[in-house]
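*Asks:* Supplied in structure tokens, the structure appears directly below.
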Amino acid sequence: MTRLALEQVTDFGDFTKGKDLKEFFKQAYSNISSQNCLSDVRLSPDGRHIHVIVRQPKSGLMTHDKYQRLHLMQCQKHNDLVLSGNAPVVDVIYIPQSKPEDGASVLGVIFENGRVEFWKFLECRSGWHLLQTVDLCNSPRAKVSSVCMCQNFIIWCEERPPSENSNSVCSNFRFCICKKTIEVNEGGVNLGNVKIALHNNPRYATVSSGDLVYLLPDMRENSSMGVLKVFLAWSPEHDTFKVHSACSCTLMKSSSKESDFKRLVTDCIGLLATINPPDICGFSPTGCGDLLLLLSTGWVCIMKRDGSLHHIYKLPDNCLSASGTQNSLKIYNEILALTIGRTLFLIDTKCGLELERISMKTEGLLFINTLDSHSPLMLSETGLFVVTQKPKPSPTLSEDSSALLVEAVFEEACKYYQQRSLSSTQLTVEKLKKGGMFQAPISLAAILRDYLRQERLMSSLESELRSLVLLEDIKTSVVKASEKDLENYCESLVQQEICRLLSGELERENLQYLNSIFHLFPTYSWHAMQAVLHLRCNGEGLLLSKAPAELWKIILSPVQPTANFAHCNGQQKLTTVPVFELLCQSIFKFQPSWLPRFLELAQQQSGGSSKSPWGYSMKESSESLPLYKRALTVLPCKGTYQHLEVELLLCSERPKAIMQALRILIKQGQWERVAQVAERFCRQSPLLNKEIFIALLCEVSQHRDLDPYLDLLWTLCPEDMTVTSILNIVLKNLPDSMQNSGPFEAHGSQVTIGLLKPLLRKVLQRETKPSQRYADILQSPTVPPLTPPRQGLPLDLK
């Protein structure tokens, strides 16, 4: 096996003194992190130049080059890139040569005023040399806000100066998207004419991916603007636009005609009012027309070029808010690298499985624009780091492994005999081998000596004994390991121990041992639990597992009466709990949003026992306690996680639990959620339908908060409800009339006959409608039918 680890790059730099190189990285990273400009670090396509755009206190460009010029004199100084423009630097781009044999790419430095300087690094002349300076924009008052390269086009977002009569709303749409053809040849850099692809748009960040350019909303703009809910995908070659959002339904419109932004999104105005997509916290182009997105919900997704949104991985809850705004992400050979604060996540994009989670001493940012797709390269204030593959600690069997196997067999035999012996005398391996104690150990020792000489016993026990020996070797390695390797050994040890304990019958002693592992190594246990159960979350919010049924049987078994494991009064009672509760505790600590999904998964594995029985009188014991009640024991008693309590109750799909969840929602005043729950569960049982309807009718009698949902509520009225029963419920639940002695209610909070009129009319029509039960009798003929002929009847009936 191999593991992924960070390794510092030590050979990057011209400077002979490491102090200068360290100071460069420290200054470069401080400029990036202070401005939260995640795209302000660039790496050249050949990997030999680092450019950092400095925004404060004075705009500029920091450059560091990786070149070994041994043929030059040692006293010769390094000639750095010196900008001639005074305006702020917007970005840097690399333009490839028309002929690869012409040498390295040309660097373009774009300034805010539209000026572009083209530079080229000439190794033979030891440094950067200015080729030429040109203007991108036609207007001298225009400003460039973002720029990128796509195929043979240079594309930028340009801000036009506002007119004197324009209002604040129009000023938000004073940008346009422009493009020019660009070509590098021996004579220099040739630019074509300016073509405006989109008018009257808000400020957009231009991101190139393959043959597409994504226009992402700038978060510095006013977030109340509805157009920030969408972003555009544009093909510069064909001038076609597609309107997307970060919701599940992503493709909103495709157009090849419109060049005006307002007309482009006019057809989407109605949809914009109904959607509430998450914010885009980070992005990275994939290079093949797709776009990698980090959303405020914690999901990492890929926006496909066809408009579909593919979910890859869900970050732990509150991970983004707890780690600040610094993040970066990029895909390397189907491996997603993601930095959040001081943590580097490595995710398999094919299945969403977390491969590694590396803790760093300082924050770092990935080079998201680099063309290298083999290994992540990260910039930190302490230097450059690359992710490498290293062999994972896998100790081999020692030379005397056969003796260890025999010893393990005798140890297990001693333990087996001692558990079933009434004698208080301790049996040891030495006594068992000598056969000096009682008849049973003598017989057992004789059997073992006989079978240990046979290959069939060794072959049948080889896998289990080998794992035991490897486990012992890992324990020895932990004792001897250096501080650097200790964490990897501990994680491997915890995973193997948990896997071993869950692979067989889990007795009380092993359960206590498993509890101690989860208590002492919570993070390692969480990772081990995901690996053992093969847990992953798909894009639809469902939790999936590839664990065998035998493993789930062990997990869901109570083993012992469920302990009262709670956090009441801030004190956690550390008692031995069954495996299911243990896993729920771990999920609640590291990924609380997974808890309801895990309950659903466990109920599926238990054979759908959550949906039965529908009765109310069945007594519950520790052995028959429903899984949802076992999952609820991990929640605090103070009610701070009532939203999780509601989800767990609803996932159970049991009538009592559903009514309990409904009452919690009613108490919280979440009326829209109340209506959704009522509509969903009223269809599952007539008895539950009636209970829900009566509960909501009582609320209608007391206040007017359910007025927007009355049409839905009246459709849920059970068939056996009568006008009399409805009026009785309403009258019994009316608020005290003494609260307001006036003839009219001041705030209109009382129920009126006008509100109940549609319901009463519906029920009354149902009551007065002729019953069809006896329709066949009423429609029977008045003359009785003729007697059938007697011919052909059996003899005994004649």
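Chain labels run A, B, ... following the order of the structure tokens; each chain numbers its residues from 1, and ligands are numbered from 1 in the order shown.
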Check the DSSP output for the backbone and give back, as a list in words, the residues of stretch 91-179 of chain A in helix (DSSP H, G or I).
*Replies:* Pro100, Glu101, Asp102, Glu123, Cys124, Arg125, Ser168, Val169, Cys170 and Ser171 of chain A
*Asks:* Would you export the selected residues with C-alpha atoms as an mmCIF file, in the first residue's frame, please?
*Replies:*
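Saved to selection-v1.cif:
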data_model
loop_
_atom_site.group_PDB
_atom_site.id
_atom_site.type_symbol
_atom_site.label_atom_id
_atom_site.label_comp_id
_atom_site.auth_asym_id
_atom_site.auth_seq_id
_atom_site.Cartn_x
_atom_site.Cartn_y
_atom_site.Cartn_z
ATOM 1 C CA PRO A 100 7.098 25.174 -30.306
ATOM 2 C CA GLU A 101 10.686 25.296 -31.516
ATOM 3 C CA ASP A 102 10.684 29.071 -31.020
ATOM 4 C CA GLU A 123 18.242 32.146 -20.584
ATOM 5 C CA CYS A 124 21.167 33.102 -22.767
ATOM 6 C CA ARG A 125 20.750 36.739 -21.711
ATOM 7 C CA SER A 168 -27.068 53.008 -9.194
ATOM 8 C CA VAL A 169 -28.886 50.025 -10.709
ATOM 9 C CA CYS A 170 -27.552 50.705 -14.191
ATOM 10 C CA SER A 171 -24.058 51.248 -12.803
#
*Asks:* Identify all residues of stretch 85-291 of chain A in strand (DSSP E) (DSSP on the backbone) and supply them as a short mmCIF file (atom, residue, chain, number, x, y, z; two decimals) with N, CA, C and O atoms, in the first residue's frame.
*Replies:*
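Once written, part26.cif looks like this:
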data_model
loop_
_atom_site.label_atom_id
_atom_site.label_comp_id
_atom_site.auth_asym_id
_atom_site.auth_seq_id
_atom_site.Cartn_x
_atom_site.Cartn_y
_atom_site.Cartn_z
N VAL A 89 -1.76 45.86 -11.31
CA VAL A 89 -1.70 44.65 -12.14
C VAL A 89 -2.98 43.84 -11.92
O VAL A 89 -3.35 43.54 -10.78
N VAL A 90 -3.65 43.49 -13.01
CA VAL A 90 -4.86 42.67 -12.94
C VAL A 90 -4.51 41.20 -12.93
O VAL A 90 -4.98 40.44 -12.08
N ASP A 91 -3.68 40.76 -13.85
CA ASP A 91 -3.35 39.34 -13.96
C ASP A 91 -2.16 39.18 -14.90
O ASP A 91 -1.74 40.13 -15.58
N VAL A 92 -1.64 37.96 -14.93
CA VAL A 92 -0.59 37.59 -15.89
C VAL A 92 -1.07 36.36 -16.66
O VAL A 92 -1.74 35.49 -16.09
N ILE A 93 -0.75 36.29 -17.94
CA ILE A 93 -1.13 35.17 -18.78
C ILE A 93 0.08 34.73 -19.59
O ILE A 93 0.99 35.53 -19.84
N TYR A 94 0.09 33.47 -19.98
CA TYR A 94 1.15 32.94 -20.84
C TYR A 94 0.56 32.65 -22.22
O TYR A 94 -0.45 31.97 -22.34
N ILE A 95 1.23 33.19 -23.24
CA ILE A 95 0.81 32.98 -24.63
C ILE A 95 1.81 32.03 -25.29
O ILE A 95 3.00 32.37 -25.38
N VAL A 106 5.45 33.36 -24.04
CA VAL A 106 5.57 34.79 -23.76
C VAL A 106 4.63 35.14 -22.60
O VAL A 106 3.48 34.71 -22.57
N LEU A 107 5.14 35.93 -21.67
CA LEU A 107 4.36 36.36 -20.52
C LEU A 107 3.70 37.70 -20.81
O LEU A 107 4.37 38.66 -21.22
N GLY A 108 2.38 37.75 -20.60
CA GLY A 108 1.67 39.01 -20.73
C GLY A 108 1.22 39.51 -19.37
O GLY A 108 0.54 38.79 -18.64
N VAL A 109 1.60 40.75 -19.04
CA VAL A 109 1.20 41.38 -17.79
C VAL A 109 0.13 42.41 -18.11
O VAL A 109 0.40 43.38 -18.84
N ILE A 110 -1.08 42.19 -17.60
CA ILE A 110 -2.22 43.06 -17.92
C ILE A 110 -2.45 44.02 -16.77
O ILE A 110 -2.59 43.60 -15.61
N PHE A 111 -2.51 45.31 -17.09
CA PHE A 111 -2.76 46.35 -16.11
C PHE A 111 -4.23 46.77 -16.14
O PHE A 111 -4.95 46.53 -17.11
N ARG A 115 -3.45 48.48 -20.44
CA ARG A 115 -2.12 48.33 -21.02
C ARG A 115 -1.60 46.91 -20.78
O ARG A 115 -1.81 46.33 -19.72
N VAL A 116 -0.94 46.34 -21.78
CA VAL A 116 -0.36 45.00 -21.68
C VAL A 116 1.12 45.06 -22.03
O VAL A 116 1.49 45.63 -23.07
N GLU A 117 1.93 44.47 -21.15
CA GLU A 117 3.36 44.34 -21.43
C GLU A 117 3.67 42.88 -21.70
O GLU A 117 3.29 42.00 -20.92
N PHE A 118 4.36 42.61 -22.80
CA PHE A 118 4.74 41.26 -23.16
C PHE A 118 6.23 41.07 -22.89
O PHE A 118 7.07 41.84 -23.40
N TRP A 119 6.53 40.05 -22.07
CA TRP A 119 7.90 39.76 -21.66
C TRP A 119 8.26 38.34 -22.09
O TRP A 119 7.40 37.48 -22.26
N LYS A 120 9.57 38.12 -22.22
CA LYS A 120 10.07 36.78 -22.53
C LYS A 120 11.35 36.54 -21.74
O LYS A 120 12.21 37.43 -21.64
N PHE A 121 11.45 35.33 -21.18
CA PHE A 121 12.64 34.97 -20.43
C PHE A 121 13.67 34.37 -21.39
O PHE A 121 13.40 33.36 -22.05
N LEU A 122 14.82 35.00 -21.47
CA LEU A 122 15.90 34.54 -22.33
C LEU A 122 17.03 34.04 -21.45
O LEU A 122 17.69 34.82 -20.75
N GLY A 127 17.68 36.54 -18.01
CA GLY A 127 16.59 37.27 -17.39
C GLY A 127 15.45 37.60 -18.32
O GLY A 127 15.36 37.10 -19.44
N TRP A 128 14.55 38.44 -17.80
CA TRP A 128 13.35 38.84 -18.53
C TRP A 128 13.64 40.06 -19.40
O TRP A 128 14.32 40.99 -18.98
N HIS A 129 13.05 40.04 -20.61
CA HIS A 129 13.24 41.15 -21.53
C HIS A 129 11.90 41.55 -22.11
O HIS A 129 11.10 40.71 -22.52
N LEU A 130 11.63 42.86 -22.11
CA LEU A 130 10.38 43.41 -22.60
C LEU A 130 10.36 43.36 -24.13
O LEU A 130 11.25 43.90 -24.80
N LEU A 131 9.31 42.71 -24.68
CA LEU A 131 9.18 42.62 -26.13
C LEU A 131 8.43 43.82 -26.70
O LEU A 131 8.91 44.48 -27.61
N GLN A 132 7.24 44.12 -26.16
CA GLN A 132 6.47 45.25 -26.65
C GLN A 132 5.35 45.56 -25.68
O GLN A 132 5.04 44.78 -24.77
N THR A 133 4.72 46.72 -25.87
CA THR A 133 3.62 47.18 -25.04
C THR A 133 2.47 47.59 -25.95
O THR A 133 2.67 48.32 -26.93
N VAL A 134 1.25 47.10 -25.64
CA VAL A 134 0.08 47.41 -26.45
C VAL A 134 -1.09 47.75 -25.52
O VAL A 134 -1.02 47.55 -24.31
N ASP A 135 -2.17 48.27 -26.12
CA ASP A 135 -3.41 48.57 -25.40
C ASP A 135 -4.48 47.57 -25.81
O ASP A 135 -4.70 47.33 -27.00
N LYS A 143 -11.57 50.18 -17.88
CA LYS A 143 -10.75 49.46 -16.91
C LYS A 143 -10.96 47.96 -17.08
O LYS A 143 -12.09 47.51 -17.29
N VAL A 144 -9.89 47.22 -16.95
CA VAL A 144 -9.95 45.76 -17.05
C VAL A 144 -10.07 45.19 -15.64
O VAL A 144 -9.27 45.52 -14.76
N SER A 145 -11.08 44.32 -15.41
CA SER A 145 -11.27 43.73 -14.08
C SER A 145 -10.80 42.28 -14.01
O SER A 145 -10.44 41.80 -12.93
N SER A 146 -10.81 41.54 -15.12
CA SER A 146 -10.32 40.16 -15.14
C SER A 146 -9.95 39.80 -16.57
O SER A 146 -10.47 40.40 -17.53
N VAL A 147 -9.08 38.80 -16.72
CA VAL A 147 -8.59 38.43 -18.05
C VAL A 147 -8.20 36.96 -18.04
O VAL A 147 -7.85 36.40 -16.98
N CYS A 148 -8.27 36.31 -19.21
CA CYS A 148 -7.83 34.93 -19.35
C CYS A 148 -7.50 34.65 -20.81
O CYS A 148 -7.81 35.45 -21.70
N MET A 149 -6.88 33.50 -21.06
CA MET A 149 -6.57 33.03 -22.40
C MET A 149 -7.41 31.80 -22.70
O MET A 149 -7.56 30.92 -21.87
N CYS A 150 -7.98 31.76 -23.93
CA CYS A 150 -8.75 30.59 -24.37
C CYS A 150 -8.44 30.36 -25.84
O CYS A 150 -8.81 31.20 -26.68
N PHE A 153 -7.54 33.23 -28.31
CA PHE A 153 -8.21 34.47 -27.93
C PHE A 153 -7.70 34.94 -26.57
O PHE A 153 -7.45 34.14 -25.68
N ILE A 154 -7.57 36.26 -26.45
CA ILE A 154 -7.40 36.87 -25.14
C ILE A 154 -8.73 37.51 -24.78
O ILE A 154 -9.31 38.28 -25.55
N ILE A 155 -9.27 37.17 -23.61
CA ILE A 155 -10.63 37.55 -23.21
C ILE A 155 -10.53 38.32 -21.91
O ILE A 155 -9.79 37.94 -20.99
N TRP A 156 -11.30 39.39 -21.82
CA TRP A 156 -11.28 40.17 -20.59
C TRP A 156 -12.65 40.77 -20.32
O TRP A 156 -13.49 40.90 -21.21
N CYS A 157 -12.87 41.11 -19.03
CA CYS A 157 -14.07 41.81 -18.58
C CYS A 157 -13.69 43.27 -18.39
O CYS A 157 -12.79 43.59 -17.60
N GLU A 158 -14.38 44.12 -19.11
CA GLU A 158 -14.01 45.54 -19.17
C GLU A 158 -15.10 46.39 -18.54
O GLU A 158 -16.29 46.19 -18.80
N GLU A 159 -14.70 47.33 -17.72
CA GLU A 159 -15.63 48.26 -17.09
C GLU A 159 -15.68 49.56 -17.87
O GLU A 159 -14.64 50.20 -18.06
N PHE A 175 -20.44 46.72 -17.30
CA PHE A 175 -19.30 45.93 -17.77
C PHE A 175 -19.64 45.26 -19.10
O PHE A 175 -20.81 45.13 -19.47
N CYS A 176 -18.62 44.84 -19.81
CA CYS A 176 -18.80 44.08 -21.05
C CYS A 176 -17.68 43.06 -21.18
O CYS A 176 -16.60 43.22 -20.59
N ILE A 177 -17.94 42.01 -21.93
CA ILE A 177 -16.97 40.95 -22.17
C ILE A 177 -16.41 41.13 -23.59
O ILE A 177 -17.16 41.17 -24.56
N CYS A 178 -15.09 41.24 -23.68
CA CYS A 178 -14.42 41.50 -24.96
C CYS A 178 -13.43 40.39 -25.27
O CYS A 178 -12.96 39.67 -24.38
N LYS A 179 -13.09 40.32 -26.56
CA LYS A 179 -12.09 39.33 -26.98
C LYS A 179 -11.28 39.88 -28.15
O LYS A 179 -11.74 40.73 -28.92
N LYS A 180 -10.06 39.37 -28.25
CA LYS A 180 -9.16 39.68 -29.36
C LYS A 180 -8.39 38.42 -29.72
O LYS A 180 -8.05 37.61 -28.83
N THR A 181 -8.13 38.23 -30.98
CA THR A 181 -7.23 37.15 -31.37
C THR A 181 -5.81 37.57 -31.04
O THR A 181 -5.46 38.77 -31.08
N ILE A 182 -4.98 36.60 -30.68
CA ILE A 182 -3.61 36.90 -30.30
C ILE A 182 -2.70 35.82 -30.89
O ILE A 182 -3.04 34.64 -30.91
N GLU A 183 -1.52 36.25 -31.34
CA GLU A 183 -0.58 35.33 -31.97
C GLU A 183 0.83 35.83 -31.70
O GLU A 183 1.11 37.04 -31.79
N VAL A 184 1.71 34.90 -31.35
CA VAL A 184 3.11 35.22 -31.10
C VAL A 184 3.95 34.66 -32.23
O VAL A 184 3.86 33.47 -32.56
N ASN A 185 4.76 35.52 -32.84
CA ASN A 185 5.67 35.07 -33.90
C ASN A 185 7.02 35.74 -33.72
O ASN A 185 7.27 36.41 -32.70
N GLY A 188 7.04 39.51 -32.97
CA GLY A 188 6.46 39.97 -31.73
C GLY A 188 5.08 39.38 -31.51
O GLY A 188 4.80 38.25 -31.93
N VAL A 189 4.21 40.16 -30.87
CA VAL A 189 2.86 39.71 -30.54
C VAL A 189 1.87 40.49 -31.40
O VAL A 189 1.87 41.73 -31.40
N ASN A 190 1.03 39.77 -32.14
CA ASN A 190 0.02 40.39 -33.00
C ASN A 190 -1.35 40.23 -32.37
O ASN A 190 -1.76 39.11 -32.03
N LEU A 191 -2.07 41.34 -32.22
CA LEU A 191 -3.42 41.34 -31.67
C LEU A 191 -4.42 41.74 -32.74
O LEU A 191 -4.14 42.64 -33.55
N LYS A 195 -13.62 42.75 -30.26
CA LYS A 195 -14.99 42.34 -30.51
C LYS A 195 -15.69 42.17 -29.17
O LYS A 195 -15.22 41.43 -28.30
N ILE A 196 -16.80 42.89 -29.00
CA ILE A 196 -17.55 42.81 -27.75
C ILE A 196 -18.54 41.65 -27.86
O ILE A 196 -19.42 41.65 -28.72
N ALA A 197 -18.38 40.67 -27.00
CA ALA A 197 -19.24 39.48 -27.03
C ALA A 197 -20.49 39.65 -26.19
O ALA A 197 -21.52 39.05 -26.48
N LEU A 198 -20.42 40.46 -25.11
CA LEU A 198 -21.57 40.62 -24.22
C LEU A 198 -21.58 42.04 -23.66
O LEU A 198 -20.54 42.53 -23.20
N HIS A 199 -22.73 42.70 -23.73
CA HIS A 199 -22.90 44.06 -23.24
C HIS A 199 -23.68 44.06 -21.92
O HIS A 199 -24.41 43.13 -21.61
N ASN A 200 -23.54 45.15 -21.17
CA ASN A 200 -24.41 45.45 -20.02
C ASN A 200 -24.47 44.31 -19.00
O ASN A 200 -25.53 43.98 -18.47
N ASN A 201 -23.35 43.71 -18.72
CA ASN A 201 -23.32 42.63 -17.73
C ASN A 201 -22.69 43.13 -16.44
O ASN A 201 -21.99 44.15 -16.42
N TYR A 204 -17.72 40.26 -13.91
CA TYR A 204 -17.52 38.82 -13.97
C TYR A 204 -16.04 38.49 -13.91
O TYR A 204 -15.19 39.24 -14.43
N ALA A 205 -15.72 37.37 -13.26
CA ALA A 205 -14.38 36.80 -13.32
C ALA A 205 -14.33 35.82 -14.47
O ALA A 205 -15.18 34.94 -14.58
N THR A 206 -13.37 35.98 -15.36
CA THR A 206 -13.25 35.12 -16.54
C THR A 206 -12.34 33.94 -16.22
O THR A 206 -11.20 34.13 -15.79
N VAL A 207 -12.84 32.73 -16.41
CA VAL A 207 -12.11 31.51 -16.10
C VAL A 207 -12.12 30.62 -17.34
O VAL A 207 -13.19 30.22 -17.82
N SER A 208 -10.95 30.30 -17.87
CA SER A 208 -10.85 29.49 -19.08
C SER A 208 -10.70 28.02 -18.72
O SER A 208 -9.92 27.64 -17.83
N SER A 209 -11.49 27.16 -19.42
CA SER A 209 -11.41 25.71 -19.24
C SER A 209 -11.62 25.06 -20.60
O SER A 209 -12.75 25.03 -21.11
N LEU A 212 -13.97 26.56 -23.49
CA LEU A 212 -15.03 27.37 -22.89
C LEU A 212 -14.44 28.39 -21.93
O LEU A 212 -13.36 28.18 -21.37
N VAL A 213 -15.18 29.47 -21.75
CA VAL A 213 -14.84 30.49 -20.75
C VAL A 213 -16.05 30.63 -19.82
O VAL A 213 -17.16 30.89 -20.27
N TYR A 214 -15.81 30.43 -18.53
CA TYR A 214 -16.87 30.60 -17.54
C TYR A 214 -16.81 32.02 -16.98
O TYR A 214 -15.72 32.52 -16.64
N LEU A 215 -17.95 32.65 -16.92
CA LEU A 215 -18.08 34.00 -16.38
C LEU A 215 -18.75 33.90 -15.02
O LEU A 215 -19.97 33.71 -14.92
N LEU A 216 -17.94 33.97 -13.96
CA LEU A 216 -18.43 33.78 -12.60
C LEU A 216 -18.67 35.12 -11.93
O LEU A 216 -17.89 36.06 -12.11
N PRO A 217 -19.76 35.25 -11.15
CA PRO A 217 -20.05 36.53 -10.49
C PRO A 217 -18.98 36.88 -9.48
O PRO A 217 -18.45 36.02 -8.77
N VAL A 230 -26.73 33.37 -10.95
CA VAL A 230 -26.39 32.62 -12.16
C VAL A 230 -24.99 32.97 -12.61
O VAL A 230 -24.43 34.00 -12.24
N PHE A 231 -24.40 32.09 -13.40
CA PHE A 231 -23.16 32.38 -14.09
C PHE A 231 -23.26 31.83 -15.50
O PHE A 231 -24.16 31.04 -15.82
N LEU A 232 -22.33 32.23 -16.36
CA LEU A 232 -22.42 31.93 -17.78
C LEU A 232 -21.28 31.05 -18.23
O LEU A 232 -20.16 31.11 -17.69
N ALA A 233 -21.57 30.21 -19.22
CA ALA A 233 -20.54 29.46 -19.93
C ALA A 233 -20.56 29.94 -21.39
O ALA A 233 -21.63 29.93 -22.02
N TRP A 234 -19.40 30.35 -21.90
CA TRP A 234 -19.34 31.01 -23.20
C TRP A 234 -18.30 30.32 -24.07
O TRP A 234 -17.20 30.02 -23.61
N SER A 235 -18.68 30.07 -25.31
CA SER A 235 -17.74 29.54 -26.29
C SER A 235 -17.25 30.70 -27.15
O SER A 235 -18.01 31.20 -28.00
N THR A 240 -21.55 31.39 -28.33
CA THR A 240 -22.77 30.86 -27.73
C THR A 240 -22.67 30.96 -26.21
O THR A 240 -21.60 30.73 -25.64
N PHE A 241 -23.78 31.30 -25.59
CA PHE A 241 -23.84 31.45 -24.13
C PHE A 241 -24.80 30.43 -23.54
O PHE A 241 -25.83 30.10 -24.15
N LYS A 242 -24.46 29.94 -22.35
CA LYS A 242 -25.36 29.11 -21.56
C LYS A 242 -25.44 29.69 -20.16
O LYS A 242 -24.43 30.08 -19.58
N VAL A 243 -26.67 29.76 -19.64
CA VAL A 243 -26.91 30.31 -18.30
C VAL A 243 -27.02 29.15 -17.31
O VAL A 243 -27.82 28.24 -17.50
N HIS A 244 -26.21 29.20 -16.27
CA HIS A 244 -26.16 28.12 -15.27
C HIS A 244 -26.43 28.69 -13.89
O HIS A 244 -26.33 29.89 -13.65
N SER A 245 -26.73 27.79 -12.96
CA SER A 245 -26.75 28.12 -11.54
C SER A 245 -26.17 26.94 -10.78
O SER A 245 -26.03 25.85 -11.33
N LEU A 251 -28.75 23.96 -15.96
CA LEU A 251 -28.83 24.60 -17.27
C LEU A 251 -30.17 25.32 -17.39
O LEU A 251 -31.23 24.71 -17.42
N MET A 252 -30.13 26.64 -17.44
CA MET A 252 -31.34 27.44 -17.46
C MET A 252 -31.68 27.95 -18.86
O MET A 252 -32.84 28.09 -19.21
N LYS A 253 -30.67 28.23 -19.66
CA LYS A 253 -30.93 28.76 -20.99
C LYS A 253 -29.67 28.63 -21.83
O LYS A 253 -28.55 28.72 -21.33
N SER A 254 -29.88 28.45 -23.13
CA SER A 254 -28.79 28.43 -24.09
C SER A 254 -29.15 29.35 -25.24
O SER A 254 -30.29 29.30 -25.75
N SER A 255 -28.22 30.21 -25.65
CA SER A 255 -28.51 31.18 -26.69
C SER A 255 -27.28 31.40 -27.55
O SER A 255 -26.15 31.44 -27.05
N ILE A 280 -20.56 30.39 -4.36
CA ILE A 280 -19.37 29.72 -4.87
C ILE A 280 -18.18 30.24 -4.06
O ILE A 280 -17.80 31.41 -4.16
N CYS A 281 -17.61 29.37 -3.23
CA CYS A 281 -16.49 29.76 -2.36
C CYS A 281 -15.13 29.52 -3.01
O CYS A 281 -14.13 30.09 -2.56
N GLY A 282 -15.07 28.69 -4.01
CA GLY A 282 -13.81 28.41 -4.69
C GLY A 282 -14.08 27.74 -6.02
O GLY A 282 -15.13 27.13 -6.22
N PHE A 283 -13.14 27.86 -6.96
CA PHE A 283 -13.32 27.27 -8.27
C PHE A 283 -11.96 26.96 -8.87
O PHE A 283 -10.93 27.50 -8.46
N SER A 284 -11.99 26.07 -9.87
CA SER A 284 -10.77 25.71 -10.57
C SER A 284 -11.16 25.07 -11.90
O SER A 284 -12.02 24.21 -11.94
N PRO A 285 -10.54 25.50 -13.01
CA PRO A 285 -10.83 24.87 -14.30
C PRO A 285 -10.18 23.49 -14.39
O PRO A 285 -9.12 23.25 -13.81
N LEU A 291 -15.77 22.65 -14.94
CA LEU A 291 -15.37 23.60 -13.90
C LEU A 291 -15.58 22.97 -12.54
O LEU A 291 -16.65 22.44 -12.24
#
